[in-house]
Structure formats: C-alpha cells, structure tokens
Amino acid sequence: MDIYHETHGKGDCRPLVLIHGALSGIGTSFGTILPSLAKTRRVIAVELQAHCHTPDVDRPLTVEHFAADVVELLDRLDVGRADVFGWSMGAAVALRLGTHHADRVGRLVLASVSFDEDGLHPGLLDGIQDLQPEHLHGSEFHEEYLRTAPDPAGWATLVTKMKVLDANLPRWTPDQVRALAAPTMIVLGDADIVQPEHAVHMFRLLGGAVPGDLTGLPACRLAILPGTTHTTIPQRADWLAPMIDEFLGETNANH
C-alpha cells in the first residue's frame, strides 16, 4: 500500500517516525510539536491506511497491518532503524513495532498507550458501536479528513472500520512488555483515557520505578502531564518537545 508520509528536518542521528491517533492525521496529531522535533533530526510523519492522504484498501484496520505498513515504508526509504513516537492508536502501532519488529526500532515514545483493555477507564468504550460518522462532522478530525483525503466521502467507511478495531483492541502480555528491548518513554495525561495505575504498571514492567540515586536511571521514562486530557496531549508541545529531545538524545551516540 502506498502509505502517505512527509519528511521534515535533517540530521545525522536516527530518524524519528511519527504515528498519529485514530481518525486523526499528521496535522491534528503532530502539527504543533513537529516543527520543534524537526529542528535537530529527520522526522518522518506517516498517515495510516484510510486516514487523511492515505487511501483505503480492501482489508480491515488492525494494529498488525499498520505496523507492517510502517516497516514497508522504512524499507522503501532505506531506513534500517528508526525511533518512533506514537499517540493513542499510533502508540499501539509503535508498541507493536517494538515487540514484533524489534530490529527496526531504536527508541519508543508511547503517548496514551494501554497494553490491554483493562488499562482503560472502566466503561470507556461502552456505546462506541453506536457512534455514527455524522456524530463527528465538524470536529477537527473530520475537517482535516475533508481537506486531505483523496475521497472525502470515505469518512463513513473509516469510522465504521475503526469501530471494528475498537471492538477488537490489541493485547500484549506482561511478559511481552517486560521483554521489550527498545528504551521506552511512556507519556500520559493526568485526565487521559488510560488509567495512571496502568501506566505505572507498564513502567514497572519496563524496569522503571526504582530508586535511581542508588541503582542508576533505568532505560525507560514516565511522564504524566498535569491538567491534560487524551485529546489535549498533542497541544502540549512546549512540555513534550524538550522531554522527547532529551530522551532521544542518546540516539546520536548510538547511531
């Protein structure tokens, strides 16, 4: 599939791949933070199947397919290994890359990620199957889609396919998370769709939550942003950009 991508910035360190959230695109997911991230590195922002510039194809929307598409894009761009920053559904895709395509991933930044549905607030997805495409008309996601999609009438199909994905969310076992080789930074809003206890649990599985003055800092990081909901995480560029830059800083040394 011809996945749409944009390349911004340049640099000698590993490139950074940005993977957007469900029903979103590059603009609504990363429009605020992308310029800052591209100041010191090459940034490759993608749009997944059926989202914005990338056309739909005759297959379901799954995290597994999305991750395989990103790997195929990296092959086309002759990128052997990349750092990855994903938000929401894009964070699940990034986690899939880390667990199933480990040789292609350097460092991971996972914003609003849950490795199973128990990590979400109880009842959060109740009624999601009643969502209709027109319920989102006028939203920033719908407006972005109308501006960018090759077939603006495809919005209804995108929403319908996303409801199927929401009913079959990907799962990882604690052992799979524990075995993740890529240094990982978990980002969460304090009023996010993922419960903070779940983020801390994942942080512990990755080797975090230790007395760093005695043991040294672990390879993983945890950032919980105050006064931040799920959909306002992309607006926290002033906070996130320097934290991500600092976390990815060792990329230069490991290039």
# chains A, B, ... in the order shown; residues from 1 in each chain; ligands from 1

call {"tool": "residues_around", "arguments": {"residues": "region 32-43 of chain A", "least_positions_apart": "2", "cutoff": "12 Å", "atoms": "only C-alpha atoms", "output": "number ranges by chain"}}
result
A: 5-20, 26-30, 45-46, 79, 82-85, 232-249, 251-252

call {"tool": "closest_atom_pairs", "arguments": {"of": "region 159-204 of chain A", "to": "region 55-63 of chain A", "cutoff": "12 Å", "atoms": "only C-alpha atoms", "output": "tab-separated table"}}
result
residue	atom	partner	partner_atom	distance
A:Val159	CA	A:Leu61	CA	10.5
A:Thr160	CA	A:Leu61	CA	10.0
A:Lys161	CA	A:Leu61	CA	6.3
A:Met162	CA	A:Leu61	CA	6.7
A:Lys163	CA	A:Leu61	CA	9.6
A:Val164	CA	A:Leu61	CA	7.9
A:Leu165	CA	A:Thr62	CA	6.2
A:Asp166	CA	A:Thr62	CA	9.6
A:Ala167	CA	A:Thr62	CA	11.0
A:Asn168	CA	A:Thr62	CA	8.8
A:Leu169	CA	A:Val63	CA	8.6
A:Pro170	CA	A:Val63	CA	7.0
A:Arg171	CA	A:Val63	CA	10.2
A:Trp172	CA	A:Val63	CA	11.9

call {"tool": "closest_atom_pairs", "arguments": {"of": "region 74-115 of chain A", "to": "region 196-210 of chain A", "cutoff": "9 Å", "atoms": "only C-alpha atoms", "output": "JSON lines"}}
result
{"residue": "A:Ser112", "atom": "CA", "partner": "A:Ala199", "partner_atom": "CA", "distance": 8.5}
{"residue": "A:Val113", "atom": "CA", "partner": "A:Ala199", "partner_atom": "CA", "distance": 7.8}
{"residue": "A:Ser114", "atom": "CA", "partner": "A:His198", "partner_atom": "CA", "distance": 7.2}
{"residue": "A:Phe115", "atom": "CA", "partner": "A:Met202", "partner_atom": "CA", "distance": 8.0}

call {"tool": "write_last_selection", "arguments": {"atoms": "N, CA, C and O atoms", "output": "PDB file, in the first residue's frame"}}
result
ATOM      1  N   SER A 112      -0.251   7.822  25.654  1.00  0.00           N
ATOM      2  CA  SER A 112      -1.593   7.260  25.851  1.00  0.00           C
ATOM      3  C   SER A 112      -1.661   5.834  25.330  1.00  0.00           C
ATOM      4  O   SER A 112      -2.431   5.516  24.426  1.00  0.00           O
ATOM      5  N   VAL A 113      -0.855   4.968  25.902  1.00  0.00           N
ATOM      6  CA  VAL A 113      -0.822   3.575  25.453  1.00  0.00           C
ATOM      7  C   VAL A 113      -1.345   2.674  26.565  1.00  0.00           C
ATOM      8  O   VAL A 113      -1.144   2.929  27.760  1.00  0.00           O
ATOM      9  N   SER A 114      -2.039   1.617  26.159  1.00  0.00           N
ATOM     10  CA  SER A 114      -2.512   0.578  27.073  1.00  0.00           C
ATOM     11  C   SER A 114      -2.187  -0.759  26.439  1.00  0.00           C
ATOM     12  O   SER A 114      -2.484  -0.970  25.254  1.00  0.00           O
ATOM     13  N   PHE A 115      -1.571  -1.670  27.198  1.00  0.00           N
ATOM     14  CA  PHE A 115      -1.216  -2.946  26.575  1.00  0.00           C
ATOM     15  C   PHE A 115      -2.350  -3.966  26.646  1.00  0.00           C
ATOM     16  O   PHE A 115      -2.261  -5.038  26.075  1.00  0.00           O
TER      17      PHE A 115
END

call {"tool": "atom_distance", "arguments": {"atom1": "CA of Tyr145 (chain A)", "atom2": "CA of Leu158 (chain A)"}}
result
10.2 Å

call {"tool": "residues_around", "arguments": {"residues": "Arg221 (chain A)", "least_positions_apart": "5", "cutoff": "7 Å", "atoms": "only C-alpha atoms", "output": "VMD selection string"}}
result
chain A and resid 184 to 186

call {"tool": "write_last_selection", "arguments": {"atoms": "N, CA and C atoms", "output": "compact mmCIF listing (two decimals), in the first residue's frame"}}
result
# COMPACT_ATOMS: atom_id res chain seq x y z
N THR A 184 12.12 2.96 26.33
CA THR A 184 10.76 3.44 26.09
C THR A 184 10.38 4.55 27.06
N MET A 185 9.75 5.58 26.51
CA MET A 185 9.21 6.68 27.31
C MET A 185 7.68 6.62 27.21
N ILE A 186 7.02 6.50 28.36
CA ILE A 186 5.56 6.47 28.41
C ILE A 186 5.07 7.87 28.78

call {"tool": "residues_around", "arguments": {"residues": "Gly25 (chain A)", "least_positions_apart": "6", "cutoff": "9 Å", "atoms": "only C-alpha atoms", "output": "count of residues only"}}
result
10

call {"tool": "closest_residue", "arguments": {"among": "A:Ala111, A:Leu74, A:Ile128, A:Ala94", "to": "Ile224 (chain A)", "atoms": "only C-alpha atoms"}}
result
A:Ala111

call {"tool": "select_by_dssp", "arguments": {"residues": "region 71-230 of chain A", "states": "alpha helix (DSSP H)", "output": "count of residues only"}}
result
59

call {"tool": "closest_residue", "arguments": {"among": "A:Ala50, A:Leu23, A:Met1, A:Leu125", "to": "Ser139 (chain A)", "atoms": "only C-alpha atoms"}}
result
A:Leu23

call {"tool": "select_by_dssp", "arguments": {"residues": "region 103-175 of chain A", "states": "strand (DSSP E or B)", "output": "JSON, numbers by chain"}}
result
{"A": [105, 106, 107, 108, 109, 110, 111, 120]}

call {"tool": "closest_residue", "arguments": {"among": "A:Arg107, A:Ile193, A:Thr229, A:Glu134", "to": "Thr157 (chain A)", "atoms": "only C-alpha atoms"}}
result
A:Glu134

call {"tool": "closest_residue", "arguments": {"among": "A:Leu120, A:Leu97, A:Leu146, A:Val71", "to": "Ala181 (chain A)", "atoms": "only C-alpha atoms"}}
result
A:Leu97

call {"tool": "atom_distance", "arguments": {"atom1": "CA of Ala102 (chain A)", "atom2": "CA of Ala68 (chain A)"}}
result
12.2 Å

call {"tool": "closest_residue", "arguments": {"among": "A:Asp192, A:Gly80, A:Ala92, A:Ile44", "to": "Glu64 (chain A)", "atoms": "only C-alpha atoms"}}
result
A:Ala92
